[in-house]
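Here's the structure, in structure tokens; my notes come after.
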Amino acid sequence: MLGQIVRSLGRMQQLSNGLKGVRLHQLLSKETHGHLQTSLENTRAISTVSLWPFSSQPRDFSQPNSSWSPEMRKVYDHYNTLCDPDTENGEEKRGPWRKLPSYNRSIKYAAGGIHLSKLIQAKARLFTRNVKEQGATFEYVVFVNKEEKRCVCVFQAGHLLEGAPGHVHGGAIATMIDTVTGTLAGFLSGPIMTANLNIDYRSPMPLGSVVLIHSALDRKERRKTYITCKVSSTDESKLYTEATALFVSIGVGHLFGSRN
Ligand SMILES: CCCCCCCCCCCCCC(=O)SCCNC(=O)CCNC(=O)[C@H](O)C(C)(C)COP(=O)(O)OP(=O)(O)OC[C@H]1O[C@@H](n2cnc3c(N)ncnc32)[C@H](O)[C@@H]1OP(=O)(O)O
């Protein structure tokens, strides 16, 4: 199987040389070392020309589905509109907001590519996207504002995330905070790992709630990216959780025990 993938990647490289004048290993090494945004753009480039050696196109889990409540859909529509390009003097101009796609594999479609896939079993799935039943666990979409170095996640907490009766488990909330702050840190700083996460749970979050998870860059110091986070009701009248997070930039070798 691995041999097949490697041969397939070799063929893809020849094809991509011809088609796009870009070497596959450059795409993959950008995925390994570049910023999340670059990775996502390159991933789309691969998918568009159908060179990806796996069977299916990646499903974007942050697209609306039938489990989304009207409130989730309304807030999604609001932020999605902010992503629309403006037309100035007949020219289309993109604003600072982007909706980030979300896949259920962190390796197959993003960082690591050819290097890490050797070590990962075919069954690996991203923690927040591993339950097939729509609406049962984490329904969410992240919008990022590059200029303001912040993002907002619209999150609907499903019935399998119960902690205290009728309310969302603190670990599930922590998972979403890690995911959203980590997504922003990765977007701004490239490959990172969570070094520290501090969470204050201010009020219980009812199961089924739709909430906003606002994250913003606090500061960067050398390899350290500090992010702040607030979780609130969609009208922002109720504060559920506050957090701060520290992410440390890593080289991909870090995941193999190397310090480079
Ligand atoms: C397309 C889709 C893509 C997929 C995306 C899906 C989105 C999901 C996103 C999900 C995201 C989820 C992500 C996850 O869940 S990542 C999983 C959870 N995190 C981990 O497992 C990390 C484990 N720890 C480590 O690997 C290392 O300790 C790290 C990498 C963190 C640092 O080890 P390293 O040897 O590399 O660095 P260093 O020790 O030289 O330190 C460097 C600097 O950092 C400072 N420091 C270090 N630790 C701490 C600390 N605890 N508090 C305060 N400061 C700390 C340190 O003082 C120094 O500062 P300075 O001397 O420079 O001032």
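Here, A, B, ... name the chains of the structure tokens in the order displayed, residue numbers run from 1 inside each chain, and ligands are numbered from 1 in the same displayed order.
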
When you look at segment 196-206 of chain A with a cut-off of 8 Å (counting only C-alpha atoms), what residues show up, excluding the ones that are within fewer than 2 positions of it in the same chain? I need them as number ranges by chain. A: 166-168, 170, 174, 178, 194, 208-209, 239-247

Store the residues picked out above in a file with C-alpha atoms, as a PDB file, in the first residue's frame.
ATOM      1  CA  GLY A 166     -27.952  19.037  30.210  1.00  0.00           C
ATOM      2  CA  HIS A 167     -24.739  20.970  29.773  1.00  0.00           C
ATOM      3  CA  VAL A 168     -21.595  20.787  27.675  1.00  0.00           C
ATOM      4  CA  GLY A 170     -15.706  21.115  30.101  1.00  0.00           C
ATOM      5  CA  ALA A 174     -11.473  22.935  26.087  1.00  0.00           C
ATOM      6  CA  ASP A 178      -7.620  24.471  21.704  1.00  0.00           C
ATOM      7  CA  THR A 194      -0.056  23.915  22.291  1.00  0.00           C
ATOM      8  CA  GLY A 208     -27.325  22.226  21.944  1.00  0.00           C
ATOM      9  CA  SER A 209     -26.196  25.844  22.379  1.00  0.00           C
ATOM     10  CA  LEU A 239     -19.998  34.967  28.709  1.00  0.00           C
ATOM     11  CA  TYR A 240     -19.442  31.216  29.058  1.00  0.00           C
ATOM     12  CA  THR A 241     -15.686  30.788  29.064  1.00  0.00           C
ATOM     13  CA  GLU A 242     -12.442  32.750  28.864  1.00  0.00           C
ATOM     14  CA  ALA A 243      -9.019  31.380  28.038  1.00  0.00           C
ATOM     15  CA  THR A 244      -5.447  32.178  27.174  1.00  0.00           C
ATOM     16  CA  ALA A 245      -3.222  29.889  25.164  1.00  0.00           C
ATOM     17  CA  LEU A 246       0.459  29.675  24.326  1.00  0.00           C
ATOM     18  CA  PHE A 247       1.618  27.966  21.144  1.00  0.00           C
TER      19      PHE A 247
END

Tell me, as a PyMOL selection string, which residues lie within 12 Å of Arg94 of chain A, counting only C-alpha atoms; anything in the same chain fewer than 4 positions away does not count. chain A and resi 81-88+98+145-147

Using only C-alpha atoms and all ligand atoms, which residue out of A:Val231, A:Ala195, A:Ile177, A:Val142 lies closest to ligand 1?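 Closest residue, counting only C-alpha atoms and all ligand atoms: A:Ala195.
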
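For the set A:Ser215, A:Thr179, A:Asn89, A:Thr234, the residue with the smallest atom-to-atom gap to ligand 1 is A:Thr179, counting only C-alpha atoms and all ligand atoms.
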
Residues flagged strand (DSSP E) by DSSP in segment 93-228 of chain A, as number ranges by chain: A: 93, 97-100, 138-145, 150-157, 192-201, 210-221, 224-228

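Note that atom CA of Glu236 of chain A and atom 6 (C, counted along the ligand's line) of ligand 1 are 25.4 Å apart.
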
Go through A:Thr183, A:Thr225, A:Asn130, A:Ser66 and flag the residue nearest ligand 1, using only C-alpha atoms and all ligand atoms for the distances.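 Nearest to ligand 1: A:Thr183.
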
Write out as a list in words the residues lying within 8 Å of Val141 of chain A, counting only C-alpha atoms and excluding same-chain residues fewer than 6 positions away.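 The filter keeps Ser62, Gln63, Tyr76, Lys99, Leu100, Pro101, Ser102, Cys153, Val154 and Phe155 of chain A.
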
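Of the listed residues (A:His78, A:Lys230, A:Lys149, A:Arg105), A:Arg105 comes nearest to ligand 1; the distances count only C-alpha atoms and all ligand atoms.
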
Students should find that atom CA of Ala185 of chain A and atom CA of Leu207 of chain A are spaced 27.7 Å

In segment 178-244 of chain A, what's alpha helix (DSSP H) per DSSP? Answer as a VMD selection string? chain A and resid 178 to 189

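Coordinates place atom 17 (C, counted along the ligand's line) of ligand 1 at a distance of 20.7 Å from atom CA of Glu139 of chain A.
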